[in-house]
$ cat work-v2.cif   # mmCIF, C-alpha atoms; chains and numbers go by the auth columns
data_structure
#
loop_
_atom_site.group_PDB
_atom_site.id
_atom_site.type_symbol
_atom_site.label_atom_id
_atom_site.label_comp_id
_atom_site.label_asym_id
_atom_site.label_seq_id
_atom_site.Cartn_x
_atom_site.Cartn_y
_atom_site.Cartn_z
_atom_site.B_iso_or_equiv
_atom_site.auth_seq_id
_atom_site.auth_asym_id
ATOM 1 C CA MET A 1 0.000 0.000 0.000 0.00 1 A
ATOM 2 C CA ASN A 2 1.373 3.411 -0.985 0.00 2 A
ATOM 3 C CA ASN A 3 0.326 5.592 1.958 0.00 3 A
ATOM 4 C CA ASN A 4 2.281 8.581 0.590 0.00 4 A
ATOM 5 C CA ALA A 5 0.039 8.705 -2.472 0.00 5 A
ATOM 6 C CA PHE A 6 -3.040 8.352 -0.261 0.00 6 A
ATOM 7 C CA LEU A 7 -1.938 11.423 1.703 0.00 7 A
ATOM 8 C CA LYS A 8 -1.107 13.486 -1.404 0.00 8 A
ATOM 9 C CA ASN A 9 -4.499 12.918 -3.056 0.00 9 A
ATOM 10 C CA GLU A 10 -2.769 11.490 -6.129 0.00 10 A
ATOM 11 C CA SER A 11 -4.048 8.577 -8.145 0.00 11 A
ATOM 12 C CA ALA A 12 -1.691 5.641 -7.622 0.00 12 A
ATOM 13 C CA LEU A 13 -1.291 1.915 -8.060 0.00 13 A
ATOM 14 C CA PHE A 14 -1.018 -0.192 -4.943 0.00 14 A
ATOM 15 C CA ASP A 15 -0.983 -3.880 -4.092 0.00 15 A
ATOM 16 C CA ILE A 16 -3.620 -5.773 -2.177 0.00 16 A
ATOM 17 C CA GLN A 17 -2.179 -8.463 0.042 0.00 17 A
ATOM 18 C CA GLU A 18 -2.762 -11.947 -1.307 0.00 18 A
ATOM 19 C CA LEU A 19 -3.437 -14.722 1.175 0.00 19 A
ATOM 20 C CA GLY A 20 -3.933 -18.367 0.420 0.00 20 A
ATOM 21 C CA ASP A 21 -2.668 -21.876 0.414 0.00 21 A
ATOM 22 C CA SER A 22 -3.019 -25.003 -1.712 0.00 22 A
ATOM 23 C CA ARG A 23 -6.799 -24.430 -1.886 0.00 23 A
ATOM 24 C CA GLY A 24 -6.423 -21.097 -3.701 0.00 24 A
ATOM 25 C CA ALA A 25 -5.906 -17.383 -3.176 0.00 25 A
ATOM 26 C CA LEU A 26 -7.803 -14.739 -1.242 0.00 26 A
ATOM 27 C CA ALA A 27 -7.464 -10.964 -1.422 0.00 27 A
ATOM 28 C CA VAL A 28 -9.148 -8.721 1.151 0.00 28 A
ATOM 29 C CA VAL A 29 -10.157 -5.079 0.817 0.00 29 A
ATOM 30 C CA GLU A 30 -11.357 -3.179 3.881 0.00 30 A
ATOM 31 C CA SER A 31 -12.639 0.367 4.230 0.00 31 A
ATOM 32 C CA MET A 32 -10.192 2.674 5.994 0.00 32 A
ATOM 33 C CA LYS A 33 -7.554 -0.061 6.119 0.00 33 A
ATOM 34 C CA ASN A 34 -6.151 -0.843 2.683 0.00 34 A
ATOM 35 C CA ILE A 35 -8.890 1.225 0.980 0.00 35 A
ATOM 36 C CA PRO A 36 -8.337 4.842 2.117 0.00 36 A
ATOM 37 C CA PHE A 37 -12.038 5.750 2.415 0.00 37 A
ATOM 38 C CA ASP A 38 -15.382 4.364 3.534 0.00 38 A
ATOM 39 C CA VAL A 39 -16.819 2.379 0.637 0.00 39 A
ATOM 40 C CA LYS A 40 -20.361 3.575 -0.068 0.00 40 A
ATOM 41 C CA ARG A 41 -20.907 2.125 -3.535 0.00 41 A
ATOM 42 C CA VAL A 42 -19.679 -0.979 -5.361 0.00 42 A
ATOM 43 C CA PHE A 43 -20.164 -1.740 -9.040 0.00 43 A
ATOM 44 C CA TYR A 44 -18.401 -3.697 -11.754 0.00 44 A
ATOM 45 C CA ILE A 45 -17.955 -3.414 -15.490 0.00 45 A
ATOM 46 C CA TYR A 46 -17.949 -6.571 -17.608 0.00 46 A
ATOM 47 C CA GLY A 47 -18.813 -7.814 -21.077 0.00 47 A
ATOM 48 C CA THR A 48 -17.224 -4.784 -22.707 0.00 48 A
ATOM 49 C CA ALA A 49 -16.974 -5.289 -26.462 0.00 49 A
ATOM 50 C CA GLU A 50 -13.641 -5.068 -28.248 0.00 50 A
ATOM 51 C CA GLY A 51 -12.637 -1.513 -29.125 0.00 51 A
ATOM 52 C CA ILE A 52 -15.028 0.127 -26.637 0.00 52 A
ATOM 53 C CA ARG A 53 -13.750 2.784 -24.226 0.00 53 A
ATOM 54 C CA ARG A 54 -15.543 3.529 -20.955 0.00 54 A
ATOM 55 C CA GLY A 55 -15.375 6.363 -18.460 0.00 55 A
ATOM 56 C CA PHE A 56 -14.713 9.721 -20.100 0.00 56 A
ATOM 57 C CA HIS A 57 -15.218 11.694 -16.895 0.00 57 A
ATOM 58 C CA ALA A 58 -13.782 12.995 -13.641 0.00 58 A
ATOM 59 C CA HIS A 59 -15.474 13.785 -10.334 0.00 59 A
ATOM 60 C CA HIS A 60 -15.820 16.692 -7.980 0.00 60 A
ATOM 61 C CA LYS A 61 -15.491 14.560 -4.830 0.00 61 A
ATOM 62 C CA THR A 62 -15.781 10.802 -5.448 0.00 62 A
ATOM 63 C CA ARG A 63 -12.663 8.718 -4.887 0.00 63 A
ATOM 64 C CA GLN A 64 -12.543 5.227 -6.364 0.00 64 A
ATOM 65 C CA VAL A 65 -10.452 2.075 -6.300 0.00 65 A
ATOM 66 C CA LEU A 66 -10.395 0.011 -9.505 0.00 66 A
ATOM 67 C CA ILE A 67 -9.460 -3.686 -9.449 0.00 67 A
ATOM 68 C CA SER A 68 -9.547 -6.043 -12.407 0.00 68 A
ATOM 69 C CA VAL A 69 -10.717 -9.158 -10.581 0.00 69 A
ATOM 70 C CA SER A 70 -10.633 -11.109 -13.849 0.00 70 A
ATOM 71 C CA GLY A 71 -8.846 -10.418 -17.108 0.00 71 A
ATOM 72 C CA ASN A 72 -7.247 -7.046 -17.749 0.00 72 A
ATOM 73 C CA CYS A 73 -7.786 -3.537 -19.038 0.00 73 A
ATOM 74 C CA LYS A 74 -5.948 -0.249 -19.327 0.00 74 A
ATOM 75 C CA VAL A 75 -6.820 3.047 -17.668 0.00 75 A
ATOM 76 C CA HIS A 76 -5.843 6.418 -19.109 0.00 76 A
ATOM 77 C CA LEU A 77 -5.356 9.087 -16.417 0.00 77 A
ATOM 78 C CA ASP A 78 -5.121 12.833 -17.020 0.00 78 A
ATOM 79 C CA ASN A 79 -4.943 15.318 -14.140 0.00 79 A
ATOM 80 C CA THR A 80 -3.948 18.245 -16.450 0.00 80 A
ATOM 81 C CA LYS A 81 -0.341 18.050 -15.181 0.00 81 A
ATOM 82 C CA ARG A 82 0.441 14.520 -16.349 0.00 82 A
ATOM 83 C CA LYS A 83 -1.073 11.865 -18.573 0.00 83 A
ATOM 84 C CA LYS A 84 -0.487 8.249 -17.687 0.00 84 A
ATOM 85 C CA GLU A 85 -1.549 4.772 -18.782 0.00 85 A
ATOM 86 C CA VAL A 86 -2.083 2.081 -16.131 0.00 86 A
ATOM 87 C CA LEU A 87 -2.490 -1.623 -16.801 0.00 87 A
ATOM 88 C CA LEU A 88 -4.750 -3.509 -14.406 0.00 88 A
ATOM 89 C CA ASP A 89 -3.938 -7.164 -14.983 0.00 89 A
ATOM 90 C CA HIS A 90 -4.073 -8.964 -11.637 0.00 90 A
ATOM 91 C CA PRO A 91 -6.688 -9.094 -8.857 0.00 91 A
ATOM 92 C CA THR A 92 -4.124 -7.890 -6.306 0.00 92 A
ATOM 93 C CA LYS A 93 -3.250 -4.760 -8.292 0.00 93 A
ATOM 94 C CA ALA A 94 -5.470 -1.795 -7.418 0.00 94 A
ATOM 95 C CA LEU A 95 -5.677 1.753 -8.724 0.00 95 A
ATOM 96 C CA LEU A 96 -6.635 4.518 -6.337 0.00 96 A
ATOM 97 C CA LEU A 97 -8.416 7.025 -8.561 0.00 97 A
ATOM 98 C CA GLU A 98 -8.730 10.538 -7.187 0.00 98 A
ATOM 99 C CA PRO A 99 -11.509 12.924 -8.310 0.00 99 A
ATOM 100 C CA ASN A 100 -9.076 15.189 -10.164 0.00 100 A
ATOM 101 C CA ASP A 101 -8.172 12.534 -12.746 0.00 101 A
ATOM 102 C CA TRP A 102 -10.065 12.377 -16.014 0.00 102 A
ATOM 103 C CA HIS A 103 -10.193 8.647 -16.685 0.00 103 A
ATOM 104 C CA GLU A 104 -10.944 6.326 -19.553 0.00 104 A
ATOM 105 C CA MET A 105 -10.859 2.544 -19.416 0.00 105 A
ATOM 106 C CA TYR A 106 -10.073 0.582 -22.604 0.00 106 A
ATOM 107 C CA ASP A 107 -8.466 -2.518 -24.140 0.00 107 A
ATOM 108 C CA PHE A 108 -10.694 -4.776 -22.041 0.00 108 A
ATOM 109 C CA SER A 109 -9.883 -8.459 -22.400 0.00 109 A
ATOM 110 C CA PRO A 110 -12.996 -10.562 -23.170 0.00 110 A
ATOM 111 C CA ASP A 111 -12.945 -11.959 -19.616 0.00 111 A
ATOM 112 C CA CYS A 112 -12.366 -8.633 -17.841 0.00 112 A
ATOM 113 C CA VAL A 113 -14.415 -7.849 -14.761 0.00 113 A
ATOM 114 C CA LEU A 114 -13.446 -4.411 -13.448 0.00 114 A
ATOM 115 C CA LEU A 115 -14.535 -3.917 -9.836 0.00 115 A
ATOM 116 C CA VAL A 116 -15.013 -0.324 -8.670 0.00 116 A
ATOM 117 C CA LEU A 117 -15.227 0.735 -5.018 0.00 117 A
ATOM 118 C CA ALA A 118 -16.493 4.310 -4.586 0.00 118 A
ATOM 119 C CA SER A 119 -16.382 6.737 -1.666 0.00 119 A
ATOM 120 C CA GLU A 120 -19.761 8.288 -2.534 0.00 120 A
ATOM 121 C CA LEU A 121 -23.197 7.178 -3.627 0.00 121 A
ATOM 122 C CA TYR A 122 -24.091 7.984 -7.216 0.00 122 A
ATOM 123 C CA GLN A 123 -24.966 11.647 -7.758 0.00 123 A
ATOM 124 C CA ALA A 124 -25.106 12.921 -11.346 0.00 124 A
ATOM 125 C CA GLU A 125 -23.880 16.385 -10.280 0.00 125 A
ATOM 126 C CA ASP A 126 -20.607 14.886 -8.988 0.00 126 A
ATOM 127 C CA TYR A 127 -19.599 13.892 -12.537 0.00 127 A
ATOM 128 C CA ILE A 128 -17.623 16.130 -14.886 0.00 128 A
ATOM 129 C CA ARG A 129 -18.405 14.649 -18.302 0.00 129 A
ATOM 130 C CA ASP A 130 -17.133 17.491 -20.488 0.00 130 A
ATOM 131 C CA TYR A 131 -13.351 17.613 -20.940 0.00 131 A
ATOM 132 C CA ASP A 132 -13.307 21.413 -21.398 0.00 132 A
ATOM 133 C CA GLN A 133 -15.184 21.834 -18.097 0.00 133 A
ATOM 134 C CA PHE A 134 -12.708 19.431 -16.470 0.00 134 A
ATOM 135 C CA ILE A 135 -9.834 21.652 -17.654 0.00 135 A
ATOM 136 C CA GLU A 136 -11.616 24.707 -16.207 0.00 136 A
ATOM 137 C CA VAL A 137 -12.056 23.013 -12.818 0.00 137 A
ATOM 138 C CA TYR A 138 -8.675 21.293 -12.452 0.00 138 A
ATOM 139 C CA GLY A 139 -6.389 23.002 -14.979 0.00 139 A
ATOM 140 C CA SER A 140 -4.939 25.778 -12.817 0.00 140 A
#

$ encode --input "work-v2.cif" --output "structure tokens"
Amino acid sequence: MNNNAFLKNESALFDIQELGDSRGALAVVESMKNIPFDVKRVFYIYGTAEGIRRGFHAHHKTRQVLISVSGNCKVHLDNTKRKKEVLLDHPTKALLLEPNDWHEMYDFSPDCVLLVLASELYQAEDYIRDYDQFIEVYGS
């Protein structure tokens, strides 16, 4: 876990501890332990057709953790100061996604299941879906 990134409000990759034995593996996520917020909403993306990109937004306040629990996908991050591509390809690799990162998910493998843990319940007004507006809010 990268606590420094959690404190700096920067999106960052971190590892989830894997437990297990000859019967198989187990990974645990817990609010306010290895997830740096109270989880209020859980959803997952799956069955994404080849060539489709998802996301295309940022948030005003919602923080998220993305975990590809099956398969893999890429995430494009843009916080106006840096652009970065992240590969999520193992169920113990997690991406802390801060509100100030415009994000797009793409290159989903056919078996990808992308789990998302969110700090807030869904509220349409929390979403910034226009890139120009995103630049106005976070581009200073």

$ resolve_selection --input "work-v2.cif" --expression "the PyMOL selection byres ((chain A and resi 57-60) around 9)" --output "list in words"
Gly55, Phe56, Lys61, Thr62, Arg63, Glu98, Pro99, Asn100, Asp101, Trp102, His103, Glu104, Glu125, Asp126, Tyr127, Ile128, Arg129, Asp130, Tyr131, Phe134 and Val137 of chain A

$ write_last_selection --input "work-v2.cif" --atoms "C-alpha atoms" --output "PDB file, in the coordinates of the input"
ATOM      1  CA  GLY A  55     -15.375   6.363 -18.460  1.00  0.00           C
ATOM      2  CA  PHE A  56     -14.713   9.721 -20.100  1.00  0.00           C
ATOM      3  CA  LYS A  61     -15.491  14.560  -4.830  1.00  0.00           C
ATOM      4  CA  THR A  62     -15.781  10.802  -5.448  1.00  0.00           C
ATOM      5  CA  ARG A  63     -12.663   8.718  -4.887  1.00  0.00           C
ATOM      6  CA  GLU A  98      -8.730  10.538  -7.187  1.00  0.00           C
ATOM      7  CA  PRO A  99     -11.509  12.924  -8.310  1.00  0.00           C
ATOM      8  CA  ASN A 100      -9.076  15.189 -10.164  1.00  0.00           C
ATOM      9  CA  ASP A 101      -8.172  12.534 -12.746  1.00  0.00           C
ATOM     10  CA  TRP A 102     -10.065  12.377 -16.014  1.00  0.00           C
ATOM     11  CA  HIS A 103     -10.193   8.647 -16.685  1.00  0.00           C
ATOM     12  CA  GLU A 104     -10.944   6.326 -19.553  1.00  0.00           C
ATOM     13  CA  GLU A 125     -23.880  16.385 -10.280  1.00  0.00           C
ATOM     14  CA  ASP A 126     -20.607  14.886  -8.988  1.00  0.00           C
ATOM     15  CA  TYR A 127     -19.599  13.892 -12.537  1.00  0.00           C
ATOM     16  CA  ILE A 128     -17.623  16.130 -14.886  1.00  0.00           C
ATOM     17  CA  ARG A 129     -18.405  14.649 -18.302  1.00  0.00           C
ATOM     18  CA  ASP A 130     -17.133  17.491 -20.488  1.00  0.00           C
ATOM     19  CA  TYR A 131     -13.351  17.613 -20.940  1.00  0.00           C
ATOM     20  CA  PHE A 134     -12.708  19.431 -16.470  1.00  0.00           C
ATOM     21  CA  VAL A 137     -12.056  23.013 -12.818  1.00  0.00           C
TER      22      VAL A 137
END

$ atom_distance --input "work-v2.cif" --atom1 "atom CA of A:Glu50" --atom2 "atom CA of A:Ser70"
15.9 Å

$ closest_residue --input "work-v2.cif" --among "A:Ala49, A:Val116, A:Phe108, A:Thr92" --to "A:Leu19" --atoms "all atoms listed in the file"
A:Thr92

$ atom_distance --input "work-v2.cif" --atom1 "atom CA of A:Asn79" --atom2 "atom CA of A:Leu121"
22.6 Å

$ atom_distance --input "work-v2.cif" --atom1 "atom CA of A:His76" --atom2 "atom CA of A:Ile16"
21.0 Å

$ closest_residue --input "work-v2.cif" --among "A:Val86, A:Asp78, A:Ala12, A:Cys73" --to "A:Ile45" --atoms "all atoms listed in the file"
A:Cys73

$ closest_residue --input "work-v2.cif" --among "A:Lys84, A:Leu13, A:Pro36, A:Leu115" --to "A:Asn72" --atoms "all atoms listed in the file"
A:Leu115

$ closest_residue --input "work-v2.cif" --among "A:Leu117, A:Cys112, A:Ala27, A:Val75" --to "A:Phe43" --atoms "all atoms listed in the file"
A:Leu117

$ residues_near_point --input "work-v2.cif" --point "(-8.8, 6.3, -8.1)" --cutoff "7 Å" --atoms "only C-alpha atoms" --output "PyMOL selection string"
chain A and resi 11+63-66+95-98

$ closest_residue --input "work-v2.cif" --among "A:Ser22, A:Gln133, A:Thr48, A:Asn34" --to "A:Met105" --atoms "all atoms listed in the file"
A:Thr48

$ closest_residue --input "work-v2.cif" --among "A:Lys74, A:Lys40, A:Lys33, A:Arg53" --to "A:His90" --atoms "all atoms listed in the file"
A:Lys74

$ decode --input "work-v2.cif" --residues "stretch 97-111 of chain A" --atoms "N, CA, C and O atoms" --output "short mmCIF file (atom, residue, chain, number, x, y, z; two decimals), in the first residue's frame"
data_model
loop_
_atom_site.label_atom_id
_atom_site.label_comp_id
_atom_site.auth_asym_id
_atom_site.auth_seq_id
_atom_site.Cartn_x
_atom_site.Cartn_y
_atom_site.Cartn_z
N LEU A 97 -8.07 6.00 -7.58
CA LEU A 97 -8.42 7.02 -8.56
C LEU A 97 -9.01 8.22 -7.82
O LEU A 97 -10.08 8.13 -7.23
N GLU A 98 -8.28 9.31 -7.86
CA GLU A 98 -8.73 10.54 -7.19
C GLU A 98 -9.69 11.32 -8.09
O GLU A 98 -9.66 11.17 -9.32
N PRO A 99 -10.53 12.18 -7.51
CA PRO A 99 -11.51 12.92 -8.31
C PRO A 99 -10.90 13.76 -9.42
O PRO A 99 -11.51 13.96 -10.46
N ASN A 100 -9.68 14.26 -9.21
CA ASN A 100 -9.08 15.19 -10.16
C ASN A 100 -8.41 14.50 -11.36
O ASN A 100 -7.67 15.14 -12.08
N ASP A 101 -8.71 13.23 -11.58
CA ASP A 101 -8.17 12.53 -12.75
C ASP A 101 -9.30 12.19 -13.72
O ASP A 101 -10.21 11.43 -13.38
N TRP A 102 -9.21 12.80 -14.91
CA TRP A 102 -10.07 12.38 -16.01
C TRP A 102 -9.64 10.95 -16.33
O TRP A 102 -8.45 10.65 -16.41
N HIS A 103 -10.58 10.04 -16.46
CA HIS A 103 -10.19 8.65 -16.69
C HIS A 103 -11.04 7.99 -17.77
O HIS A 103 -12.21 8.30 -17.95
N GLU A 104 -10.33 7.13 -18.51
CA GLU A 104 -10.94 6.33 -19.55
C GLU A 104 -10.39 4.92 -19.42
O GLU A 104 -9.19 4.73 -19.26
N MET A 105 -11.27 3.94 -19.48
CA MET A 105 -10.86 2.54 -19.42
C MET A 105 -11.02 1.95 -20.82
O MET A 105 -12.01 2.22 -21.50
N TYR A 106 -10.06 1.11 -21.24
CA TYR A 106 -10.07 0.58 -22.60
C TYR A 106 -9.23 -0.68 -22.70
O TYR A 106 -8.64 -1.11 -21.71
N ASP A 107 -9.18 -1.26 -23.89
CA ASP A 107 -8.47 -2.52 -24.14
C ASP A 107 -8.88 -3.59 -23.14
O ASP A 107 -8.04 -4.28 -22.54
N PHE A 108 -10.17 -3.75 -22.95
CA PHE A 108 -10.69 -4.78 -22.04
C PHE A 108 -10.49 -6.15 -22.66
O PHE A 108 -10.84 -6.36 -23.84
N SER A 109 -9.93 -7.08 -21.92
CA SER A 109 -9.88 -8.46 -22.40
C SER A 109 -11.31 -9.01 -22.35
O SER A 109 -12.15 -8.50 -21.59
N PRO A 110 -11.63 -10.03 -23.15
CA PRO A 110 -13.00 -10.56 -23.17
C PRO A 110 -13.49 -11.03 -21.80
O PRO A 110 -14.69 -10.97 -21.52
N ASP A 111 -12.56 -11.46 -20.93
CA ASP A 111 -12.94 -11.96 -19.62
C ASP A 111 -12.80 -10.92 -18.50
O ASP A 111 -12.91 -11.25 -17.33
#
